[in-house]
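Worksheet: the structure to be examined is printed underneath.
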Amino acid sequence: MIRLVTRTRLVRLVAEVEDARGRAREVQGQADAAYRSHVREVFALTARAEAAEKDAATADLGARLLQSVLEDTSAELTQAREELAAMARRLEELSAPPVDASVVLLLHYGEPHSIHPDKPAAYAYAATLGAPLNGWRLVDERPAAAVAWRCVPFIYDAACDHFRSVAAPAIEPPGGVA
């Protein structure tokens, strides 16, 4: 089929083509602007994601370091608690006098001179001060001030929580214990 194109139709078609090209350029400009905006947003999001990954890695490293320090500190704390418990047990053992605890008071002319764990230790100490090693006798009726060296044994009385002389009877004062 043959079609005849008139000049007015041709001018109108050329005008429509120009309008279409103008519209295409306008749409292409909008598309380019949208693409540039999209690329900028992708770069910004990528940079934020990389920064977040770096921050996460730093935080993870810090958390691992803190976990290690916490484990070390926990181990040290456990060890310190064990040592403290052992020291407390030892202190309790040392603080509690044994049931059969006894001491000897060494008197020099009736005046207290020193305290010793037993008679042989008191005799040995007195010997270093010039007392005869074998000249010790049982306590007699002489006053303590009349004797150069005398040993007075004491025992621990757990019921009263104090030491008492072996020679003195264990009697309560009138009216009970004060």
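Here's how to read the names in the structure tokens: chain A, B, ... by the order shown, residue numbers from 1 in each chain, ligand numbers from 1 in the order shown.
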Produce a table with one row for each residue of range 38-113 of chain A that has an atom at most 12 Å from any atom of range 124-131 of chain A, each row naming the nearest atom pair and its distance in Å at one decimal; use only C-alpha atoms; arrange rows by chain and rising residue number; format as a tab-separated table.
residue	atom	partner	partner_atom	distance
A:Val104	CA	A:Tyr125	CA	11.7
A:Leu105	CA	A:Ala126	CA	11.4
A:Leu106	CA	A:Ala126	CA	8.1
A:Leu107	CA	A:Ala126	CA	9.7
A:His108	CA	A:Ala126	CA	9.2
A:His113	CA	A:Ala126	CA	9.7
Report task. Based on DSSP run over this structure's backbone, return all residues of range 4-165 of chain A in strand (DSSP E), as an NGL selection string. Result -> :A and (102-108 or 111-116 or 149-157 or 162-165)
Requested in this report: Select from range 81-156 of chain A everything DSSP, run on the backbone, classes as alpha helix (DSSP H), then give the selection as a ChimeraX atom specification.
Outcome: /A:81-95,119-128
Selected residues written out, N, CA, C and O atoms, as a tab-separated table (two decimals), in the first residue's frame:
chain	number	residue	atom	x	y	z
A	81	ARG	N	40.98	-16.85	97.24
A	81	ARG	CA	39.97	-17.35	98.18
A	81	ARG	C	40.44	-18.63	98.85
A	81	ARG	O	40.23	-18.81	100.05
A	82	GLU	N	41.06	-19.52	98.07
A	82	GLU	CA	41.58	-20.76	98.65
A	82	GLU	C	42.67	-20.45	99.66
A	82	GLU	O	42.70	-21.05	100.75
A	83	GLU	N	43.57	-19.53	99.31
A	83	GLU	CA	44.64	-19.16	100.24
A	83	GLU	C	44.06	-18.52	101.50
A	83	GLU	O	44.51	-18.82	102.61
A	84	LEU	N	43.05	-17.66	101.33
A	84	LEU	CA	42.41	-17.02	102.47
A	84	LEU	C	41.73	-18.05	103.36
A	84	LEU	O	41.82	-17.98	104.59
A	85	ALA	N	41.06	-19.02	102.76
A	85	ALA	CA	40.41	-20.07	103.54
A	85	ALA	C	41.44	-20.89	104.30
A	85	ALA	O	41.25	-21.23	105.48
A	86	ALA	N	42.56	-21.20	103.63
A	86	ALA	CA	43.62	-21.95	104.30
A	86	ALA	C	44.21	-21.14	105.45
A	86	ALA	O	44.46	-21.68	106.54
A	87	MET	N	44.41	-19.83	105.21
A	87	MET	CA	44.94	-18.98	106.27
A	87	MET	C	43.95	-18.88	107.43
A	87	MET	O	44.35	-18.87	108.60
A	88	ALA	N	42.66	-18.79	107.12
A	88	ALA	CA	41.64	-18.73	108.18
A	88	ALA	C	41.63	-20.01	108.99
A	88	ALA	O	41.54	-19.96	110.23
A	89	ARG	N	41.75	-21.16	108.32
A	89	ARG	CA	41.81	-22.44	109.04
A	89	ARG	C	43.05	-22.48	109.92
A	89	ARG	O	43.00	-22.90	111.09
A	90	ARG	N	44.19	-22.04	109.37
A	90	ARG	CA	45.43	-22.05	110.13
A	90	ARG	C	45.34	-21.10	111.32
A	90	ARG	O	45.78	-21.44	112.43
A	91	LEU	N	44.76	-19.93	111.12
A	91	LEU	CA	44.60	-18.97	112.21
A	91	LEU	C	43.69	-19.54	113.29
A	91	LEU	O	43.95	-19.38	114.48
A	92	GLU	N	42.64	-20.20	112.87
A	92	GLU	CA	41.73	-20.83	113.83
A	92	GLU	C	42.45	-21.92	114.62
A	92	GLU	O	42.29	-22.03	115.83
A	93	GLU	N	43.28	-22.70	113.91
A	93	GLU	CA	44.04	-23.74	114.59
A	93	GLU	C	45.01	-23.12	115.60
A	93	GLU	O	45.17	-23.63	116.71
A	94	LEU	N	45.67	-22.02	115.18
A	94	LEU	CA	46.64	-21.40	116.07
A	94	LEU	C	45.98	-20.64	117.21
A	94	LEU	O	46.55	-20.52	118.29
A	95	SER	N	44.77	-20.11	116.97
A	95	SER	CA	44.08	-19.34	117.99
A	95	SER	C	43.48	-20.20	119.08
A	95	SER	O	43.44	-19.81	120.24
A	119	LYS	N	58.64	-27.56	131.56
A	119	LYS	CA	59.69	-27.41	132.58
A	119	LYS	C	61.10	-27.55	132.01
A	119	LYS	O	61.97	-26.74	132.36
A	120	PRO	N	61.38	-28.54	131.13
A	120	PRO	CA	62.74	-28.62	130.60
A	120	PRO	C	63.18	-27.34	129.88
A	120	PRO	O	64.33	-26.92	130.00
A	121	ALA	N	62.27	-26.69	129.17
A	121	ALA	CA	62.62	-25.44	128.49
A	121	ALA	C	62.90	-24.34	129.51
A	121	ALA	O	63.83	-23.55	129.34
A	122	ALA	N	62.12	-24.29	130.59
A	122	ALA	CA	62.35	-23.29	131.64
A	122	ALA	C	63.68	-23.55	132.33
A	122	ALA	O	64.44	-22.62	132.61
A	123	TYR	N	63.98	-24.84	132.63
A	123	TYR	CA	65.24	-25.18	133.27
A	123	TYR	C	66.42	-24.80	132.36
A	123	TYR	O	67.41	-24.24	132.84
A	124	ALA	N	66.31	-25.08	131.10
A	124	ALA	CA	67.40	-24.77	130.16
A	124	ALA	C	67.62	-23.27	130.07
A	124	ALA	O	68.76	-22.79	130.05
A	125	TYR	N	66.52	-22.50	130.04
A	125	TYR	CA	66.65	-21.05	129.97
A	125	TYR	C	67.29	-20.51	131.25
A	125	TYR	O	68.16	-19.64	131.22
A	126	ALA	N	66.84	-21.02	132.40
A	126	ALA	CA	67.42	-20.57	133.67
A	126	ALA	C	68.90	-20.92	133.74
A	126	ALA	O	69.70	-20.16	134.30
A	127	ALA	N	69.29	-22.05	133.15
A	127	ALA	CA	70.70	-22.45	133.14
A	127	ALA	C	71.52	-21.45	132.34
A	127	ALA	O	72.69	-21.18	132.69
A	128	THR	N	70.95	-20.86	131.29
A	128	THR	CA	71.70	-19.85	130.53
A	128	THR	C	71.91	-18.58	131.34
A	128	THR	O	72.79	-17.78	131.03
Query - Coordinates-based distance that separates CA of Val42 in chain A from CA of Leu61 in chain A (Å, one decimal) - result: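 If I compute the distance from CA of Leu61 in chain A to CA of Val42 in chain A, I get 28.1 Å.
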Query raised in the report: CA of Ser102 in chain A to CA of Ile115 in chain A: how many Å, to one decimal?
Result: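 The value is 10.5 Å.
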